[in-house]
>>> print(open('start-v8.csv').read())   # CSV, C-alpha atoms
chain,number,residue,atom,x,y,z
A,1,MET,CA,7.1,-25.9,-189.8
A,2,VAL,CA,6.1,-27.6,-193.1
A,3,ARG,CA,2.4,-28.5,-193.1
A,4,ILE,CA,1.9,-32.1,-194.2
A,5,PRO,CA,-1.1,-32.6,-196.5
A,6,LYS,CA,-3.7,-35.3,-195.9
A,7,LEU,CA,-3.1,-36.9,-199.3
A,8,THR,CA,-0.5,-36.6,-202.0
A,9,THR,CA,0.4,-38.3,-205.3
A,10,THR,CA,2.7,-41.2,-205.7
A,11,LEU,CA,5.2,-39.1,-207.6
A,12,ALA,CA,5.2,-36.4,-204.9
A,13,TYR,CA,5.5,-38.9,-202.1
A,14,ASP,CA,9.2,-39.3,-202.8
A,15,ARG,CA,9.9,-35.9,-201.3
A,16,TYR,CA,8.8,-37.1,-197.8
A,17,MET,CA,11.2,-40.1,-197.8
A,18,ALA,CA,14.3,-40.1,-195.5
A,19,GLY,CA,16.5,-42.5,-197.3
A,20,GLN,CA,18.8,-42.4,-200.4
A,21,LYS,CA,16.9,-43.6,-203.5
A,22,LEU,CA,18.4,-46.8,-205.0
A,23,VAL,CA,16.0,-47.9,-207.7
A,24,SER,CA,13.0,-46.2,-209.3
A,25,SER,CA,10.6,-47.3,-212.0
A,26,VAL,CA,9.3,-43.7,-212.6
A,27,ASP,CA,11.1,-43.4,-216.0
A,28,ARG,CA,10.1,-46.9,-217.1
A,29,PRO,CA,7.1,-47.4,-219.4
A,30,TRP,CA,5.3,-49.4,-216.8
A,31,ARG,CA,1.5,-49.2,-216.4
A,32,HIS,CA,-0.5,-49.0,-213.1
A,33,LEU,CA,2.4,-49.0,-210.7
A,34,VAL,CA,5.5,-47.2,-209.4
A,35,LEU,CA,8.2,-49.0,-207.5
A,36,ARG,CA,11.1,-47.3,-205.6
A,37,SER,CA,13.7,-48.6,-203.1
A,38,TYR,CA,15.7,-46.7,-200.6
A,39,LEU,CA,18.8,-47.1,-198.5
A,40,GLU,CA,17.4,-46.0,-195.1
A,41,PRO,CA,19.2,-44.3,-192.2
A,42,ALA,CA,20.0,-46.8,-189.4
A,43,GLU,CA,17.9,-44.7,-187.0
A,44,GLN,CA,15.1,-42.2,-187.7
A,45,GLU,CA,13.5,-40.3,-184.9
A,46,LEU,CA,10.4,-39.1,-186.7
A,47,LEU,CA,9.2,-39.0,-190.3
A,48,GLU,CA,5.8,-37.6,-191.1
A,49,ALA,CA,4.2,-38.4,-194.4
A,50,PRO,CA,0.8,-37.8,-196.0
A,51,GLY,CA,-1.6,-40.5,-197.1
A,52,LEU,CA,-1.7,-41.9,-200.7
A,53,GLN,CA,-4.6,-42.6,-202.9
A,54,ASP,CA,-2.7,-45.4,-204.6
A,55,LEU,CA,-2.5,-48.7,-202.8
A,56,THR,CA,1.0,-48.9,-201.2
A,57,LEU,CA,2.9,-52.0,-200.0
A,58,MET,CA,6.3,-52.0,-198.4
A,59,THR,CA,8.9,-54.6,-197.6
A,60,LEU,CA,12.6,-54.9,-196.7
A,61,ALA,CA,15.2,-55.6,-199.4
A,62,SER,CA,17.9,-56.0,-196.8
A,63,GLY,CA,18.4,-55.7,-193.0
A,64,ALA,CA,15.8,-55.7,-190.2
A,65,GLU,CA,14.3,-52.9,-188.2
A,66,HIS,CA,12.2,-52.1,-185.2
A,67,LEU,CA,9.4,-49.9,-186.8
A,68,GLU,CA,6.9,-47.8,-185.0
A,69,ARG,CA,4.0,-45.9,-186.6
A,70,ASN,CA,1.4,-43.5,-185.4
A,71,LEU,CA,-1.9,-43.7,-187.2
A,72,ASP,CA,-4.9,-41.7,-185.9
A,73,GLY,CA,-3.0,-40.7,-182.7
A,74,ARG,CA,-2.1,-44.3,-181.7
A,75,TRP,CA,1.5,-45.6,-181.7
A,76,GLU,CA,2.1,-49.3,-182.5
A,77,SER,CA,5.3,-51.2,-183.3
A,78,ALA,CA,6.7,-54.4,-184.8
A,79,ASP,CA,10.1,-56.0,-185.5
A,80,LEU,CA,10.3,-56.4,-189.3
A,81,HIS,CA,12.6,-58.8,-191.2
A,82,MET,CA,13.0,-59.7,-194.8
A,83,GLY,CA,9.8,-61.4,-196.0
A,84,ASP,CA,7.6,-59.2,-193.9
A,85,VAL,CA,5.2,-56.9,-195.7
A,86,TRP,CA,3.3,-53.9,-194.5
A,87,PHE,CA,0.6,-51.7,-195.8
A,88,VAL,CA,0.6,-47.9,-195.9
A,89,PRO,CA,-2.9,-46.7,-195.1
A,90,PRO,CA,-4.4,-43.8,-197.2
A,91,ALA,CA,-4.1,-41.3,-194.3
A,92,PRO,CA,-1.3,-39.1,-192.8
A,93,ILE,CA,1.1,-41.2,-190.8
A,94,SER,CA,4.2,-40.8,-188.6
A,95,TRP,CA,7.1,-43.3,-188.6
A,96,ARG,CA,10.2,-43.9,-186.5
A,97,TRP,CA,12.6,-46.8,-186.6
A,98,ARG,CA,16.0,-48.2,-185.8
A,99,SER,CA,18.0,-51.0,-187.4
A,100,ILE,CA,18.2,-54.3,-185.5
A,101,SER,CA,20.6,-55.9,-187.9
A,102,ASP,CA,24.2,-55.4,-189.0
A,103,ALA,CA,23.2,-55.4,-192.6
A,104,PRO,CA,22.3,-52.2,-194.4
A,105,LEU,CA,18.6,-51.2,-194.0
A,106,SER,CA,16.8,-50.9,-197.4
A,107,THR,CA,13.1,-50.8,-198.2
A,108,VAL,CA,11.0,-51.4,-201.3
A,109,HIS,CA,7.9,-49.3,-201.8
A,110,LEU,CA,5.3,-50.4,-204.4
A,111,HIS,CA,2.4,-48.1,-205.3
A,112,LEU,CA,-0.5,-49.7,-207.2
A,113,GLU,CA,-3.2,-47.6,-209.0
A,114,ARG,CA,-6.7,-48.1,-207.6
A,115,SER,CA,-7.9,-48.3,-211.1
A,116,LEU,CA,-5.9,-51.5,-211.6
A,117,ILE,CA,-7.5,-53.0,-208.4
A,118,ASP,CA,-11.0,-52.1,-209.7
A,119,SER,CA,-10.3,-53.5,-213.2
A,120,VAL,CA,-9.0,-56.8,-211.8
A,121,ALA,CA,-11.9,-57.0,-209.4
A,122,GLU,CA,-14.3,-56.7,-212.3
A,123,GLN,CA,-12.5,-59.4,-214.2
A,124,MET,CA,-12.8,-61.6,-211.1
A,125,GLU,CA,-16.5,-60.7,-210.9
A,126,LEU,CA,-16.2,-59.5,-207.3
A,127,GLY,CA,-18.8,-56.7,-207.7
A,128,GLY,CA,-18.4,-54.2,-204.9
A,129,SER,CA,-16.1,-56.5,-202.9
A,130,ARG,CA,-12.9,-54.8,-203.9
A,131,GLU,CA,-11.8,-53.0,-200.7
A,132,LEU,CA,-8.8,-54.6,-199.2
A,133,SER,CA,-8.7,-55.3,-195.5
A,134,LEU,CA,-5.1,-54.4,-194.9
A,135,GLY,CA,-5.4,-51.1,-193.1
A,136,ASP,CA,-5.1,-52.5,-189.6
A,137,ALA,CA,-2.1,-54.7,-190.3
A,138,MET,CA,1.1,-53.3,-189.0
A,139,GLN,CA,2.8,-56.3,-190.6
A,140,PHE,CA,1.8,-59.5,-192.3
A,141,ARG,CA,3.6,-62.4,-193.8
A,142,ASP,CA,2.6,-63.6,-197.3
A,143,PRO,CA,5.5,-65.4,-199.1
A,144,LEU,CA,3.8,-64.9,-202.5
A,145,ILE,CA,3.4,-61.1,-202.1
A,146,ALA,CA,7.0,-60.9,-200.8
A,147,ALA,CA,8.3,-62.8,-203.8
A,148,MET,CA,6.3,-60.7,-206.2
A,149,LEU,CA,7.6,-57.5,-204.6
A,150,ALA,CA,11.2,-58.9,-204.9
A,151,ALA,CA,10.6,-59.8,-208.6
A,152,LEU,CA,9.3,-56.3,-209.4
A,153,HIS,CA,12.2,-54.8,-207.5
A,154,ARG,CA,14.7,-56.8,-209.7
A,155,ALA,CA,12.8,-55.8,-212.8
A,156,ALA,CA,12.9,-52.1,-211.9
A,157,ALA,CA,16.7,-52.4,-211.6
A,158,ASP,CA,17.1,-54.3,-214.9
A,159,PRO,CA,16.3,-52.2,-218.0
A,160,SER,CA,16.2,-55.4,-220.1
A,161,ASP,CA,13.1,-56.7,-218.4
A,162,SER,CA,10.1,-56.2,-220.6
A,163,ARG,CA,6.8,-54.4,-219.7
A,164,LEU,CA,5.0,-57.6,-220.6
A,165,TYR,CA,6.7,-59.4,-217.8
A,166,VAL,CA,5.9,-56.6,-215.3
A,167,ASP,CA,2.2,-56.4,-216.6
A,168,ALA,CA,1.8,-60.1,-215.8
A,169,LEU,CA,3.3,-59.8,-212.4
A,170,VAL,CA,1.3,-56.8,-211.3
A,171,HIS,CA,-2.0,-58.3,-212.6
A,172,ALA,CA,-1.2,-61.5,-210.7
A,173,LEU,CA,-0.4,-59.4,-207.5
A,174,ALA,CA,-3.7,-57.5,-207.7
A,175,ALA,CA,-5.6,-60.7,-208.2
A,176,HIS,CA,-3.9,-62.3,-205.2
A,177,LEU,CA,-4.7,-59.3,-203.0
A,178,LEU,CA,-8.3,-59.4,-204.0
A,179,GLN,CA,-8.6,-63.2,-203.7
A,180,HIS,CA,-7.2,-63.2,-200.1
A,181,TYR,CA,-7.6,-59.8,-198.6
A,182,ALA,CA,-10.9,-58.3,-200.1
A,183,ARG,CA,-13.5,-57.3,-197.6
A,184,GLY,CA,-16.8,-59.1,-197.9
A,185,ARG,CA,-15.7,-61.3,-200.8
A,186,PRO,CA,-18.6,-63.6,-201.8
A,187,ALA,CA,-18.3,-67.3,-201.2
A,188,ALA,CA,-17.2,-69.4,-204.2
A,189,ALA,CA,-20.0,-70.9,-206.3
A,190,ALA,CA,-20.8,-74.5,-205.5
A,191,THR,CA,-20.2,-75.5,-209.1
A,192,PRO,CA,-16.8,-74.3,-210.4
A,193,ALA,CA,-16.9,-72.4,-213.7
A,194,ARG,CA,-15.8,-74.2,-216.8
A,195,PRO,CA,-12.2,-73.1,-217.6
A,196,GLU,CA,-11.9,-70.9,-220.6
A,197,ARG,CA,-9.8,-72.2,-223.4
A,198,LEU,CA,-7.9,-70.6,-226.2
A,199,VAL,CA,-9.1,-72.5,-229.2
A,200,PRO,CA,-6.6,-72.8,-232.1
A,201,ARG,CA,-8.1,-69.9,-234.0
A,202,ARG,CA,-7.7,-67.6,-231.0
A,203,VAL,CA,-4.2,-68.8,-230.4
A,204,ARG,CA,-3.3,-68.0,-234.1
A,205,ARG,CA,-4.9,-64.6,-233.8
A,206,VAL,CA,-2.7,-63.8,-230.7
A,207,THR,CA,0.5,-65.2,-232.1
A,208,ASP,CA,0.0,-63.5,-235.5
A,209,TYR,CA,-0.5,-60.2,-233.7
A,210,ILE,CA,2.7,-60.8,-231.7
A,211,ARG,CA,4.7,-61.6,-234.8
A,212,ALA,CA,3.3,-58.5,-236.6
A,213,ASN,CA,4.1,-56.2,-233.6
A,214,LEU,CA,7.4,-57.6,-232.3
A,215,GLY,CA,8.9,-54.1,-232.5
A,216,GLY,CA,6.1,-52.6,-230.4
A,217,ASP,CA,5.7,-52.3,-226.7
A,218,LEU,CA,3.4,-55.2,-226.2
A,219,ALA,CA,1.1,-55.4,-223.1
A,220,ILE,CA,-1.0,-58.1,-221.6
A,221,SER,CA,-4.2,-56.1,-222.2
A,222,GLU,CA,-3.4,-55.9,-225.9
A,223,LEU,CA,-2.8,-59.6,-226.3
A,224,ALA,CA,-5.9,-60.4,-224.1
A,225,ALA,CA,-8.0,-58.3,-226.4
A,226,GLN,CA,-6.9,-60.3,-229.4
A,227,ALA,CA,-8.0,-63.4,-227.7
A,228,GLY,CA,-11.3,-62.0,-226.5
A,229,LEU,CA,-10.4,-62.7,-222.8
A,230,SER,CA,-9.8,-60.5,-219.7
A,231,SER,CA,-6.1,-59.8,-218.9
A,232,LEU,CA,-6.4,-61.9,-215.8
A,233,HIS,CA,-7.6,-65.0,-217.5
A,234,PHE,CA,-5.5,-64.6,-220.6
A,235,ALA,CA,-2.1,-65.1,-219.1
A,236,ARG,CA,-3.2,-68.3,-217.4
A,237,VAL,CA,-4.9,-69.9,-220.3
A,238,PHE,CA,-2.2,-68.9,-222.8
A,239,ARG,CA,0.3,-70.8,-220.7
A,240,ARG,CA,-1.9,-73.8,-220.5
A,241,GLU,CA,-2.4,-73.8,-224.3
A,242,THR,CA,1.1,-73.0,-225.4
A,243,GLY,CA,3.3,-74.2,-222.6
A,244,GLU,CA,4.8,-70.7,-222.2
A,245,THR,CA,3.8,-67.5,-220.5
A,246,PRO,CA,3.1,-64.5,-222.8
A,247,HIS,CA,6.4,-63.0,-221.7
A,248,GLN,CA,8.4,-66.1,-222.5
A,249,TYR,CA,6.7,-66.5,-225.8
A,250,VAL,CA,7.3,-62.9,-226.9
A,251,SER,CA,10.9,-63.0,-225.7
A,252,ARG,CA,11.6,-66.2,-227.6
A,253,LEU,CA,10.1,-64.9,-230.8
A,254,ARG,CA,12.0,-61.6,-230.5
A,255,LEU,CA,15.3,-63.5,-230.2
A,256,GLU,CA,14.5,-65.9,-233.0
A,257,GLU,CA,13.7,-63.0,-235.3
A,258,ALA,CA,16.9,-61.2,-234.3
A,259,ALA,CA,18.9,-64.3,-235.0
A,260,ARG,CA,17.3,-64.5,-238.5
A,261,LEU,CA,18.1,-60.9,-239.2
A,262,LEU,CA,21.7,-61.3,-238.0
A,263,ARG,CA,22.1,-64.2,-240.5
A,264,ALA,CA,20.2,-62.8,-243.5
A,265,THR,CA,20.7,-59.0,-243.4
A,266,GLY,CA,23.5,-56.4,-243.0
A,267,GLN,CA,21.5,-54.4,-240.5
A,268,THR,CA,23.5,-53.1,-237.5
A,269,VAL,CA,22.9,-54.7,-234.1
A,270,LEU,CA,21.1,-51.5,-233.0
A,271,GLN,CA,18.8,-51.6,-236.0
A,272,ILE,CA,18.0,-55.2,-235.3
A,273,ALA,CA,17.5,-54.5,-231.6
A,274,ILE,CA,14.9,-51.8,-232.3
A,275,ALA,CA,13.2,-53.8,-235.0
A,276,VAL,CA,12.5,-56.7,-232.6
A,277,GLY,CA,11.4,-54.5,-229.6
A,278,PHE,CA,14.4,-53.8,-227.5
A,279,GLU,CA,15.1,-50.3,-226.1
A,280,ASN,CA,18.8,-50.3,-227.1
A,281,ALA,CA,21.7,-52.5,-228.3
A,282,SER,CA,23.1,-53.2,-224.9
A,283,HIS,CA,19.9,-54.6,-223.5
A,284,PHE,CA,19.4,-56.6,-226.6
A,285,SER,CA,23.0,-58.0,-226.4
A,286,VAL,CA,22.4,-59.1,-222.8
A,287,GLN,CA,19.2,-61.0,-223.6
A,288,PHE,CA,20.6,-62.5,-226.8
A,289,LYS,CA,23.6,-63.9,-225.0
A,290,ARG,CA,21.3,-65.4,-222.4
A,291,GLY,CA,19.4,-67.1,-225.1
A,292,TYR,CA,22.1,-68.1,-227.5
A,293,GLY,CA,25.2,-68.2,-225.4
A,294,VAL,CA,27.1,-65.6,-227.6
A,295,THR,CA,26.8,-62.0,-228.3
A,296,PRO,CA,24.9,-60.9,-231.5
A,297,LEU,CA,28.2,-60.0,-233.3
A,298,ALA,CA,29.8,-63.3,-232.4
A,299,TYR,CA,26.6,-65.1,-233.6
A,300,ARG,CA,26.8,-63.2,-236.9
A,301,LEU,CA,30.5,-63.9,-237.4
A,302,ARG,CA,29.9,-67.6,-236.6
A,303,GLY,CA,27.6,-67.6,-239.6
>>> encode(input="start-v8.csv", output="structure tokens")
Amino acid sequence: MVRIPKLTTTLAYDRYMAGQKLVSSVDRPWRHLVLRSYLEPAEQELLEAPGLQDLTLMTLASGAEHLERNLDGRWESADLHMGDVWFVPPAPISWRWRSISDAPLSTVHLHLERSLIDSVAEQMELGGSRELSLGDAMQFRDPLIAAMLAALHRAAADPSDSRLYVDALVHALAAHLLQHYARGRPAAAATPARPERLVPRRVRRVTDYIRANLGGDLAISELAAQAGLSSLHFARVFRRETGETPHQYVSRLRLEEAARLLRATGQTVLQIAIAVGFENASHFSVQFKRGYGVTPLAYRLRG
């Protein structure tokens, strides 16, 4: 009989899963999170797994199930449907389930590093109030969390989605969790804080940095540092000042620079893709066609 440890790492957790892996972000250059999805067996008698130090949320990508879990010697159960979210406590746990839908049963597992939660808590000035009160919840409904998990799942399956987009999503998810599920969160101040603004000089500093580093793997934390703001506040105020999210702004500039290079140089599509920050020519072509309605080669031939 294999002995189940009390705790394991997110990377090692995969070996305890029963389903067939569908999507994984392990090989993506994402920070602070791992996302996987599985096609699950329609019925599972018993699955034992260790606890995780990373904060873990799960949801259904398809189907519905009657799920039972044994935590600290006590069995509890719930019927779960798409849109439901459940939290995996940092302790050994036993699961069993059966499908209650004709659709295939598939699950999404999101693991968030505790360091990200702590960092966002500091930016929100929560002090010690950064422990999340989710451990007793067999299931809970939060449409925003469910939507964010679905968006991250789509991003993990689409190599063309940028790390900047994922960074923004995961910081927003951590902030939402802390805002609504932190234990002992202090009451809001009677006088709301004055909103931070990106003055024109700071905007230019950020946009100049983006233009100078279009070929690099830009991250929210790097752009926020240029503005002198926390990552959490930066994305919000950047959109307020420019009308675009950082991800939208960077994507637009990358495609505009690519279009210029296609018109003005003889570089290959792959050379241009790498020069403006895409991983390969196929991902670049997909994004370029979304933006300009034609492939890069067709755009070049059109003159």
>>> closest_residue(input="start-v8.csv", among="A:Arg154, A:Glu131, A:Ile117, A:Val206", to="Ala172 (chain A)", atoms="only C-alpha atoms")
A:Ile117
>>> atom_distance(input="start-v8.csv", atom1="CA of His32 (chain A)", atom2="CA of Leu134 (chain A)")
19.5 Å
>>> atom_distance(input="start-v8.csv", atom1="CA of Thr8 (chain A)", atom2="CA of Leu35 (chain A)")
16.1 Å
>>> residues_around(input="start-v8.csv", residues="Ile272 (chain A)", least_positions_apart="3", cutoff="9 Å", atoms="all atoms listed in the file", output="PyMOL selection string")
chain A and resi 257-258+261-262+267-269+275-278+281+284
>>> atom_distance(input="start-v8.csv", atom1="CA of Glu65 (chain A)", atom2="CA of Ala103 (chain A)")
10.2 Å
>>> closest_residue(input="start-v8.csv", among="A:Ser77, A:Thr10, A:Ser94, A:Ser106", to="Asp54 (chain A)", atoms="all atoms listed in the file")
A:Thr10
